[in-house]
$ cat final-v5.txt   # compact mmCIF, N, CA and C atoms
# COMPACT_ATOMS: atom_id res chain seq x y z
N MET D 1 -105.31 88.10 -72.60
CA MET D 1 -105.89 89.26 -73.21
C MET D 1 -104.82 90.33 -73.43
N LEU D 2 -103.94 90.47 -72.46
CA LEU D 2 -102.89 91.48 -72.60
C LEU D 2 -102.01 91.22 -73.80
N ALA D 3 -101.73 89.96 -74.09
CA ALA D 3 -100.89 89.60 -75.23
C ALA D 3 -101.70 89.47 -76.51
N ALA D 4 -102.89 88.88 -76.42
CA ALA D 4 -103.68 88.60 -77.60
C ALA D 4 -104.31 89.84 -78.21
N ALA D 5 -104.69 90.80 -77.40
CA ALA D 5 -105.35 92.02 -77.90
C ALA D 5 -104.84 93.23 -77.14
N PRO D 6 -103.56 93.56 -77.28
CA PRO D 6 -102.99 94.64 -76.47
C PRO D 6 -103.64 96.01 -76.66
N LYS D 7 -104.22 96.27 -77.82
CA LYS D 7 -104.86 97.57 -78.04
C LYS D 7 -106.21 97.67 -77.35
N ARG D 8 -106.75 96.54 -76.92
CA ARG D 8 -108.04 96.54 -76.25
C ARG D 8 -107.92 96.64 -74.74
N VAL D 9 -106.71 96.50 -74.21
CA VAL D 9 -106.50 96.51 -72.76
C VAL D 9 -105.48 97.59 -72.44
N SER D 10 -105.91 98.62 -71.74
CA SER D 10 -104.99 99.72 -71.43
C SER D 10 -104.20 99.46 -70.14
N ALA D 11 -104.74 98.64 -69.26
CA ALA D 11 -104.08 98.35 -67.98
C ALA D 11 -104.73 97.11 -67.38
N ALA D 12 -104.07 96.53 -66.40
CA ALA D 12 -104.62 95.32 -65.76
C ALA D 12 -104.30 95.32 -64.28
N VAL D 13 -105.21 94.75 -63.51
CA VAL D 13 -104.99 94.49 -62.10
C VAL D 13 -105.03 92.98 -61.92
N LEU D 14 -103.96 92.43 -61.40
CA LEU D 14 -103.90 91.00 -61.11
C LEU D 14 -104.06 90.81 -59.62
N LEU D 15 -105.15 90.17 -59.23
CA LEU D 15 -105.42 89.91 -57.81
C LEU D 15 -105.08 88.46 -57.50
N GLN D 16 -104.15 88.27 -56.62
CA GLN D 16 -103.76 86.95 -56.14
C GLN D 16 -103.50 85.98 -57.29
N PRO D 17 -102.53 86.26 -58.16
CA PRO D 17 -102.27 85.35 -59.27
C PRO D 17 -101.89 83.95 -58.78
N ILE D 18 -102.33 82.95 -59.54
CA ILE D 18 -102.02 81.56 -59.20
C ILE D 18 -100.81 81.12 -60.00
N GLY D 19 -100.06 80.21 -59.45
CA GLY D 19 -98.89 79.70 -60.15
C GLY D 19 -98.11 78.76 -59.26
N LEU D 20 -97.00 78.27 -59.79
CA LEU D 20 -96.15 77.34 -59.06
C LEU D 20 -95.00 78.10 -58.41
N ALA D 21 -94.78 77.82 -57.14
CA ALA D 21 -93.70 78.51 -56.42
C ALA D 21 -93.36 77.75 -55.15
N ARG D 22 -92.24 78.10 -54.60
CA ARG D 22 -91.83 77.59 -53.29
C ARG D 22 -92.40 78.51 -52.21
N HIS D 23 -92.51 78.01 -51.00
CA HIS D 23 -93.00 78.81 -49.88
C HIS D 23 -92.06 79.98 -49.62
N THR D 24 -92.62 81.15 -49.36
CA THR D 24 -91.83 82.32 -48.96
C THR D 24 -92.39 82.87 -47.66
N THR D 25 -93.36 83.76 -47.76
CA THR D 25 -93.87 84.44 -46.58
C THR D 25 -95.28 84.02 -46.19
N GLU D 26 -95.90 83.11 -46.92
CA GLU D 26 -97.27 82.70 -46.64
C GLU D 26 -97.37 82.05 -45.28
N GLY D 27 -98.55 82.17 -44.67
CA GLY D 27 -98.76 81.56 -43.37
C GLY D 27 -98.71 80.04 -43.41
N GLN D 28 -99.36 79.47 -44.42
CA GLN D 28 -99.36 78.01 -44.59
C GLN D 28 -98.04 77.59 -45.23
N ARG D 29 -97.36 76.63 -44.66
CA ARG D 29 -96.07 76.18 -45.19
C ARG D 29 -96.23 74.97 -46.09
N TRP D 30 -95.34 74.83 -47.06
CA TRP D 30 -95.26 73.64 -47.89
C TRP D 30 -93.82 73.42 -48.31
N ARG D 31 -93.52 72.19 -48.70
CA ARG D 31 -92.17 71.84 -49.13
C ARG D 31 -92.10 71.84 -50.66
N GLY D 32 -90.98 72.30 -51.20
CA GLY D 32 -90.82 72.31 -52.65
C GLY D 32 -91.84 73.20 -53.33
N LEU D 33 -92.16 72.87 -54.57
CA LEU D 33 -93.18 73.63 -55.29
C LEU D 33 -94.57 73.22 -54.81
N ASN D 34 -95.53 74.09 -55.00
CA ASN D 34 -96.91 73.80 -54.60
C ASN D 34 -97.64 73.01 -55.68
N SER D 35 -96.91 72.27 -56.50
CA SER D 35 -97.51 71.55 -57.62
C SER D 35 -98.48 70.44 -57.20
N ASP D 36 -98.24 69.78 -56.07
CA ASP D 36 -99.18 68.75 -55.62
C ASP D 36 -100.55 69.34 -55.35
N ALA D 37 -100.59 70.47 -54.68
CA ALA D 37 -101.87 71.12 -54.39
C ALA D 37 -102.55 71.58 -55.67
N SER D 38 -101.78 72.12 -56.60
CA SER D 38 -102.34 72.59 -57.87
C SER D 38 -102.89 71.42 -58.68
N SER D 39 -102.16 70.32 -58.73
CA SER D 39 -102.63 69.14 -59.44
C SER D 39 -103.90 68.59 -58.80
N HIS D 40 -103.98 68.66 -57.47
CA HIS D 40 -105.15 68.16 -56.76
C HIS D 40 -106.40 68.96 -57.12
N TRP D 41 -106.33 70.30 -57.03
CA TRP D 41 -107.54 71.07 -57.33
C TRP D 41 -107.93 70.94 -58.78
N PHE D 42 -106.93 70.88 -59.69
CA PHE D 42 -107.27 70.72 -61.10
C PHE D 42 -107.93 69.36 -61.32
N GLY D 43 -107.37 68.31 -60.72
CA GLY D 43 -107.93 66.97 -60.86
C GLY D 43 -109.36 66.87 -60.37
N MET D 44 -109.64 67.49 -59.24
CA MET D 44 -111.00 67.48 -58.69
C MET D 44 -111.97 68.21 -59.64
N TRP D 45 -111.55 69.36 -60.12
CA TRP D 45 -112.38 70.14 -61.05
C TRP D 45 -112.59 69.36 -62.35
N ALA D 46 -111.51 68.80 -62.90
CA ALA D 46 -111.59 68.07 -64.16
C ALA D 46 -112.52 66.86 -64.04
N GLN D 47 -112.45 66.17 -62.92
CA GLN D 47 -113.32 65.01 -62.70
C GLN D 47 -114.79 65.43 -62.74
N GLY D 48 -115.09 66.56 -62.11
CA GLY D 48 -116.45 67.08 -62.14
C GLY D 48 -116.90 67.45 -63.54
N MET D 49 -116.01 68.06 -64.30
CA MET D 49 -116.33 68.45 -65.68
C MET D 49 -116.60 67.21 -66.54
N GLN D 50 -115.78 66.18 -66.37
CA GLN D 50 -115.93 64.96 -67.15
C GLN D 50 -117.21 64.21 -66.74
N THR D 51 -117.46 64.12 -65.46
CA THR D 51 -118.66 63.44 -64.97
C THR D 51 -119.93 64.12 -65.48
N ALA D 52 -119.91 65.45 -65.54
CA ALA D 52 -121.07 66.21 -66.01
C ALA D 52 -121.19 66.21 -67.53
N GLY D 53 -120.21 65.62 -68.21
CA GLY D 53 -120.24 65.57 -69.67
C GLY D 53 -119.92 66.90 -70.33
N ARG D 54 -119.26 67.77 -69.59
CA ARG D 54 -118.94 69.11 -70.12
C ARG D 54 -117.61 69.16 -70.85
N ALA D 55 -116.78 68.12 -70.65
CA ALA D 55 -115.47 68.06 -71.31
C ALA D 55 -115.01 66.61 -71.33
N SER D 56 -114.25 66.27 -72.37
CA SER D 56 -113.70 64.91 -72.46
C SER D 56 -112.37 64.84 -71.73
N ARG D 57 -111.94 63.63 -71.43
CA ARG D 57 -110.64 63.44 -70.78
C ARG D 57 -109.52 64.00 -71.66
N THR D 58 -109.63 63.85 -72.98
CA THR D 58 -108.62 64.38 -73.90
C THR D 58 -108.56 65.90 -73.82
N GLU D 59 -109.72 66.55 -73.82
CA GLU D 59 -109.77 68.01 -73.71
C GLU D 59 -109.17 68.49 -72.39
N LEU D 60 -109.52 67.79 -71.32
CA LEU D 60 -109.02 68.18 -70.00
C LEU D 60 -107.52 67.95 -69.88
N SER D 61 -107.02 66.88 -70.46
CA SER D 61 -105.57 66.62 -70.45
C SER D 61 -104.83 67.71 -71.22
N SER D 62 -105.39 68.13 -72.34
CA SER D 62 -104.77 69.22 -73.13
C SER D 62 -104.76 70.51 -72.34
N LEU D 63 -105.86 70.81 -71.66
CA LEU D 63 -105.93 72.02 -70.85
C LEU D 63 -104.91 71.96 -69.71
N GLU D 64 -104.83 70.83 -69.04
CA GLU D 64 -103.87 70.68 -67.95
C GLU D 64 -102.44 70.90 -68.44
N GLU D 65 -102.10 70.33 -69.58
CA GLU D 65 -100.76 70.51 -70.15
C GLU D 65 -100.50 71.98 -70.47
N ALA D 66 -101.47 72.65 -71.07
CA ALA D 66 -101.31 74.06 -71.42
C ALA D 66 -101.16 74.94 -70.18
N MET D 67 -101.89 74.61 -69.13
CA MET D 67 -101.84 75.43 -67.92
C MET D 67 -100.55 75.26 -67.13
N PHE D 68 -100.07 74.04 -67.02
CA PHE D 68 -99.00 73.75 -66.08
C PHE D 68 -97.62 73.53 -66.71
N ARG D 69 -97.52 73.48 -68.03
CA ARG D 69 -96.25 73.09 -68.66
C ARG D 69 -95.11 74.05 -68.39
N ASP D 70 -95.38 75.34 -68.23
CA ASP D 70 -94.30 76.30 -68.04
C ASP D 70 -93.80 76.38 -66.61
N GLY D 71 -94.54 75.81 -65.67
CA GLY D 71 -94.10 75.81 -64.28
C GLY D 71 -94.01 77.20 -63.68
N PHE D 72 -94.91 78.07 -64.09
CA PHE D 72 -94.89 79.45 -63.60
C PHE D 72 -96.34 79.86 -63.34
N VAL D 73 -96.80 80.92 -63.96
CA VAL D 73 -98.19 81.35 -63.87
C VAL D 73 -98.98 80.46 -64.82
N PHE D 74 -100.07 79.94 -64.38
CA PHE D 74 -100.80 78.96 -65.19
C PHE D 74 -101.23 79.56 -66.52
N SER D 75 -100.79 78.93 -67.57
CA SER D 75 -101.09 79.23 -68.98
C SER D 75 -100.31 80.42 -69.54
N VAL D 76 -99.38 80.96 -68.80
CA VAL D 76 -98.57 82.08 -69.29
C VAL D 76 -97.10 81.82 -68.95
N SER D 77 -96.23 82.05 -69.91
CA SER D 77 -94.80 81.83 -69.67
C SER D 77 -94.13 83.11 -69.16
N ARG D 78 -92.95 82.95 -68.64
CA ARG D 78 -92.17 84.11 -68.20
C ARG D 78 -91.88 85.05 -69.37
N ASP D 79 -91.58 84.49 -70.53
CA ASP D 79 -91.32 85.31 -71.72
C ASP D 79 -92.54 86.15 -72.10
N GLN D 80 -93.72 85.54 -72.01
CA GLN D 80 -94.94 86.29 -72.33
C GLN D 80 -95.16 87.43 -71.34
N VAL D 81 -94.94 87.17 -70.07
CA VAL D 81 -95.10 88.22 -69.06
C VAL D 81 -94.11 89.36 -69.32
N ALA D 82 -92.90 89.02 -69.68
CA ALA D 82 -91.85 90.04 -69.92
C ALA D 82 -92.17 90.92 -71.13
N ARG D 83 -93.03 90.45 -72.02
CA ARG D 83 -93.39 91.24 -73.21
C ARG D 83 -94.61 92.14 -73.00
N VAL D 84 -95.27 92.02 -71.88
CA VAL D 84 -96.46 92.85 -71.61
C VAL D 84 -96.02 94.28 -71.34
N ARG D 85 -96.54 95.20 -72.10
CA ARG D 85 -96.16 96.62 -71.98
C ARG D 85 -97.19 97.46 -71.23
N GLN D 86 -98.41 96.96 -71.12
CA GLN D 86 -99.44 97.73 -70.44
C GLN D 86 -99.12 97.81 -68.95
N PRO D 87 -99.51 98.89 -68.31
CA PRO D 87 -99.33 98.99 -66.86
C PRO D 87 -100.12 97.89 -66.15
N MET D 88 -99.48 97.29 -65.17
CA MET D 88 -100.13 96.24 -64.36
C MET D 88 -99.91 96.55 -62.90
N LEU D 89 -100.94 96.32 -62.12
CA LEU D 89 -100.84 96.39 -60.67
C LEU D 89 -101.05 94.96 -60.18
N VAL D 90 -100.08 94.43 -59.47
CA VAL D 90 -100.11 93.03 -59.04
C VAL D 90 -100.26 92.98 -57.53
N ALA D 91 -101.37 92.41 -57.08
CA ALA D 91 -101.65 92.27 -55.64
C ALA D 91 -101.46 90.81 -55.26
N PRO D 92 -100.39 90.49 -54.54
CA PRO D 92 -100.10 89.10 -54.23
C PRO D 92 -101.10 88.46 -53.27
N GLY D 93 -101.21 87.15 -53.43
CA GLY D 93 -101.95 86.36 -52.46
C GLY D 93 -100.98 85.94 -51.37
N SER D 94 -101.46 85.11 -50.48
CA SER D 94 -100.58 84.68 -49.38
C SER D 94 -100.94 83.28 -48.91
N ASP D 95 -101.19 82.40 -49.88
CA ASP D 95 -101.49 81.02 -49.50
C ASP D 95 -100.93 80.05 -50.53
N LEU D 96 -101.17 78.79 -50.30
CA LEU D 96 -100.65 77.70 -51.12
C LEU D 96 -101.04 77.83 -52.59
N TYR D 97 -102.23 78.30 -52.86
CA TYR D 97 -102.73 78.39 -54.22
C TYR D 97 -102.40 79.73 -54.89
N HIS D 98 -102.10 80.73 -54.11
CA HIS D 98 -101.79 82.08 -54.61
C HIS D 98 -100.48 82.54 -53.98
N PRO D 99 -99.37 81.89 -54.31
CA PRO D 99 -98.10 82.18 -53.63
C PRO D 99 -97.61 83.61 -53.88
N THR D 100 -97.11 84.22 -52.84
CA THR D 100 -96.58 85.58 -52.92
C THR D 100 -95.46 85.67 -53.95
N ALA D 101 -94.64 84.64 -54.03
CA ALA D 101 -93.49 84.65 -54.96
C ALA D 101 -93.93 84.78 -56.41
N VAL D 102 -95.07 84.23 -56.77
CA VAL D 102 -95.57 84.33 -58.15
C VAL D 102 -95.85 85.79 -58.49
N ALA D 103 -96.55 86.48 -57.60
CA ALA D 103 -96.86 87.90 -57.84
C ALA D 103 -95.59 88.73 -57.91
N ARG D 104 -94.66 88.45 -57.02
CA ARG D 104 -93.39 89.20 -57.04
C ARG D 104 -92.64 89.00 -58.35
N GLU D 105 -92.65 87.78 -58.85
CA GLU D 105 -91.93 87.52 -60.10
C GLU D 105 -92.63 88.17 -61.29
N ILE D 106 -93.95 88.15 -61.31
CA ILE D 106 -94.69 88.84 -62.38
C ILE D 106 -94.32 90.32 -62.38
N ALA D 107 -94.35 90.93 -61.20
CA ALA D 107 -94.03 92.36 -61.10
C ALA D 107 -92.59 92.65 -61.52
N ALA D 108 -91.68 91.74 -61.25
CA ALA D 108 -90.29 91.93 -61.64
C ALA D 108 -90.08 91.74 -63.15
N LEU D 109 -90.82 90.84 -63.74
CA LEU D 109 -90.65 90.54 -65.17
C LEU D 109 -91.32 91.55 -66.10
N ALA D 110 -92.52 91.95 -65.77
CA ALA D 110 -93.28 92.86 -66.64
C ALA D 110 -92.73 94.28 -66.49
N PRO D 111 -92.33 94.89 -67.59
CA PRO D 111 -91.67 96.20 -67.51
C PRO D 111 -92.51 97.33 -66.92
N SER D 112 -93.83 97.24 -67.01
CA SER D 112 -94.68 98.33 -66.50
C SER D 112 -95.54 97.87 -65.33
N ALA D 113 -95.05 96.90 -64.58
CA ALA D 113 -95.83 96.37 -63.46
C ALA D 113 -95.37 96.96 -62.13
N SER D 114 -96.32 97.08 -61.23
CA SER D 114 -96.05 97.51 -59.86
C SER D 114 -96.61 96.46 -58.92
N LEU D 115 -95.91 96.24 -57.84
CA LEU D 115 -96.35 95.27 -56.83
C LEU D 115 -97.04 96.01 -55.70
N LEU D 116 -98.23 95.56 -55.35
CA LEU D 116 -99.00 96.17 -54.27
C LEU D 116 -98.97 95.23 -53.07
N GLU D 117 -98.15 95.56 -52.12
CA GLU D 117 -98.06 94.72 -50.93
C GLU D 117 -98.70 95.45 -49.76
N GLY D 118 -98.80 94.78 -48.67
CA GLY D 118 -99.42 95.37 -47.49
C GLY D 118 -100.74 94.70 -47.21
N SER D 119 -101.44 95.20 -46.22
CA SER D 119 -102.69 94.57 -45.79
C SER D 119 -103.79 94.77 -46.84
N TRP D 120 -104.68 93.82 -46.89
CA TRP D 120 -105.77 93.87 -47.86
C TRP D 120 -106.72 95.02 -47.58
N GLU D 121 -106.81 95.47 -46.35
CA GLU D 121 -107.79 96.52 -46.03
C GLU D 121 -107.48 97.84 -46.73
N HIS D 122 -106.23 98.05 -47.15
CA HIS D 122 -105.88 99.30 -47.82
C HIS D 122 -105.65 99.13 -49.32
N ARG D 123 -105.82 97.93 -49.83
CA ARG D 123 -105.54 97.70 -51.25
C ARG D 123 -106.60 98.31 -52.17
N GLU D 124 -107.84 98.33 -51.73
CA GLU D 124 -108.92 98.82 -52.58
C GLU D 124 -108.65 100.24 -53.07
N GLU D 125 -108.23 101.12 -52.18
CA GLU D 125 -108.00 102.52 -52.60
C GLU D 125 -106.87 102.61 -53.61
N HIS D 126 -105.84 101.78 -53.48
CA HIS D 126 -104.73 101.77 -54.45
C HIS D 126 -105.18 101.24 -55.80
N ILE D 127 -106.03 100.23 -55.78
CA ILE D 127 -106.53 99.65 -57.02
C ILE D 127 -107.41 100.66 -57.75
N VAL D 128 -108.31 101.31 -57.04
CA VAL D 128 -109.19 102.31 -57.65
C VAL D 128 -108.36 103.45 -58.24
N ARG D 129 -107.36 103.92 -57.52
CA ARG D 129 -106.50 104.99 -58.02
C ARG D 129 -105.77 104.55 -59.29
N PHE D 130 -105.23 103.33 -59.28
CA PHE D 130 -104.52 102.80 -60.45
C PHE D 130 -105.45 102.75 -61.66
N LEU D 131 -106.65 102.25 -61.47
CA LEU D 131 -107.59 102.15 -62.59
C LEU D 131 -107.99 103.53 -63.12
N HIS D 132 -108.18 104.49 -62.25
CA HIS D 132 -108.49 105.84 -62.70
C HIS D 132 -107.34 106.44 -63.49
N GLU D 133 -106.13 106.18 -63.06
CA GLU D 133 -104.95 106.72 -63.74
C GLU D 133 -104.71 106.07 -65.11
N HIS D 134 -105.00 104.79 -65.23
CA HIS D 134 -104.60 104.07 -66.44
C HIS D 134 -105.73 103.64 -67.36
N ALA D 135 -106.97 103.65 -66.90
CA ALA D 135 -108.05 103.13 -67.72
C ALA D 135 -109.06 104.17 -68.13
N SER D 136 -108.94 105.38 -67.69
CA SER D 136 -109.96 106.38 -68.02
C SER D 136 -109.99 106.67 -69.52
N GLY D 137 -111.19 106.61 -70.08
CA GLY D 137 -111.38 106.92 -71.48
C GLY D 137 -111.01 105.81 -72.44
N HIS D 138 -110.50 104.71 -71.94
CA HIS D 138 -110.09 103.63 -72.84
C HIS D 138 -111.30 103.02 -73.52
N GLY D 139 -111.16 102.78 -74.79
CA GLY D 139 -112.23 102.13 -75.55
C GLY D 139 -113.27 103.10 -76.09
N GLN D 140 -113.14 104.38 -75.79
CA GLN D 140 -114.08 105.35 -76.31
C GLN D 140 -113.53 105.94 -77.60
N ASP D 141 -114.34 105.93 -78.63
CA ASP D 141 -113.89 106.42 -79.94
C ASP D 141 -114.36 107.84 -80.20
N GLY D 142 -114.41 108.66 -79.18
CA GLY D 142 -114.72 110.07 -79.23
C GLY D 142 -115.65 110.49 -80.21
$ encode --input "final-v5.txt" --output "structure tokens"
Amino acid sequence: MLAAAPKRVSAAVLLQPIGLARHTTEGQRWRGLNSDASSHWFGMWAQGMQTAGRASRTELSSLEEAMFRDGFVFSVSRDQVARVRQPMLVAPGSDLYHPTAVAREIAALAPSASLLEGSWEHREEHIVRFLHEHASGHGQDG
């Protein structure tokens, strides 16, 4: 949305972005990239979609390729993130599926991004403040 319709989005909050990364500070440890875990959850979901007749194997294969081909944030490249000009507040996750390193890299790449670290119990007030500062009045045609 940030890239496809930049005039419609004045700011964004990314909560626990998913992507491929090596272990950094997360409690759960893993070796190399977390791609095995990501492939596993996608495979389980895709199997359910196919079994329910909601998507074909061809459609699901295309989606999987689009999501994982860049080896970064699923379905978004580093170049795309670097072109986002809207203010972003990025709150990292801390597990195998939401690696802290992904959020840190997003915040480093996007020119108007800020990284929100610290305990989750204090994040809500920062998020509300950010939204009030950057989203007030957006979309109103006076």
$ select_by_dssp --input "final-v5.txt" --residues "chain D" --states "helix (DSSP H, G or I)" --output "ChimeraX atom specification"
/D:6-8,35-51,57-68,78-82,100-109,120-135
$ select_by_dssp --input "final-v5.txt" --residues "region 3-142 of chain D" --states "strand (DSSP E or B)" --output "count of residues only"
16
$ atom_distance --input "final-v5.txt" --atom1 "atom N of Lys7 (chain D)" --atom2 "atom N of Ala101 (chain D)"
28.2 Å
$ residues_around --input "final-v5.txt" --residues "Gly27 (chain D)" --least-positions-apart "6" --cutoff "10 Å" --atoms "only C-alpha atoms" --output "list in words"
Ser94, Asp95 and Leu96 of chain D
$ residues_around --input "final-v5.txt" --residues "Ser112 (chain D)" --least-positions-apart "4" --cutoff "6.5 Å" --atoms "all atoms listed in the file" --output "JSON, numbers by chain"
{"D": [84, 85, 86, 87, 88, 89]}
$ residues_around --input "final-v5.txt" --residues "Pro92 (chain D)" --least-positions-apart "4" --cutoff "12 Å" --atoms "only C-alpha atoms" --output "ChimeraX atom specification"
/D:13-19,24-26,96-107,114-120,123
$ residues_around --input "final-v5.txt" --residues "region 126-134 of chain D" --least-positions-apart "2" --cutoff "6 Å" --atoms "all atoms listed in the file" --output "JSON list (two decimals) with N, CA and C atoms, keeping the file's coordinate frame"
[["chain", "number", "residue", "atom", "x", "y", "z"],
["D", 10, "SER", "N", -105.91, 98.62, -71.74],
["D", 10, "SER", "CA", -104.99, 99.72, -71.43],
["D", 10, "SER", "C", -104.20, 99.46, -70.14],
["D", 11, "ALA", "N", -104.74, 98.64, -69.26],
["D", 11, "ALA", "CA", -104.08, 98.35, -67.98],
["D", 11, "ALA", "C", -104.73, 97.11, -67.38],
["D", 122, "HIS", "N", -106.23, 98.05, -47.15],
["D", 122, "HIS", "CA", -105.88, 99.30, -47.82],
["D", 122, "HIS", "C", -105.65, 99.13, -49.32],
["D", 123, "ARG", "N", -105.82, 97.93, -49.83],
["D", 123, "ARG", "CA", -105.54, 97.70, -51.25],
["D", 123, "ARG", "C", -106.60, 98.31, -52.17],
["D", 124, "GLU", "N", -107.84, 98.33, -51.73],
["D", 124, "GLU", "CA", -108.92, 98.82, -52.58],
["D", 124, "GLU", "C", -108.65, 100.24, -53.07],
["D", 136, "SER", "N", -108.94, 105.38, -67.69],
["D", 136, "SER", "CA", -109.96, 106.38, -68.02],
["D", 136, "SER", "C", -109.99, 106.67, -69.52]]
$ residues_around --input "final-v5.txt" --residues "region 32-39 of chain D" --least-positions-apart "4" --cutoff "6 Å" --atoms "only C-alpha atoms" --output "PyMOL selection string"
chain D and resi 20-22+43
$ atom_distance --input "final-v5.txt" --atom1 "CA of Arg83 (chain D)" --atom2 "CA of Ala3 (chain D)"
7.9 Å
$ atom_distance --input "final-v5.txt" --atom1 "atom N of Gln47 (chain D)" --atom2 "atom N of Ser61 (chain D)"
9.3 Å
$ closest_residue --input "final-v5.txt" --among "D:Leu109, D:Ala46, D:Ala135, D:Ala5" --to "Gln80 (chain D)" --atoms "all atoms listed in the file"
D:Leu109
$ axis_aligned_box --input "final-v5.txt" --around "region 4-23 of chain D" --padding-each-side "8 Å" --output "JSON"
{"center_x": -99.9, "center_y": 88.5, "center_z": -63.9, "size_x": 32.2, "size_y": 38.4, "size_z": 44.6}
$ closest_residue --input "final-v5.txt" --among "D:Glu125, D:Met1, D:Arg8, D:His40" --to "Glu64 (chain D)" --atoms "only C-alpha atoms"
D:His40
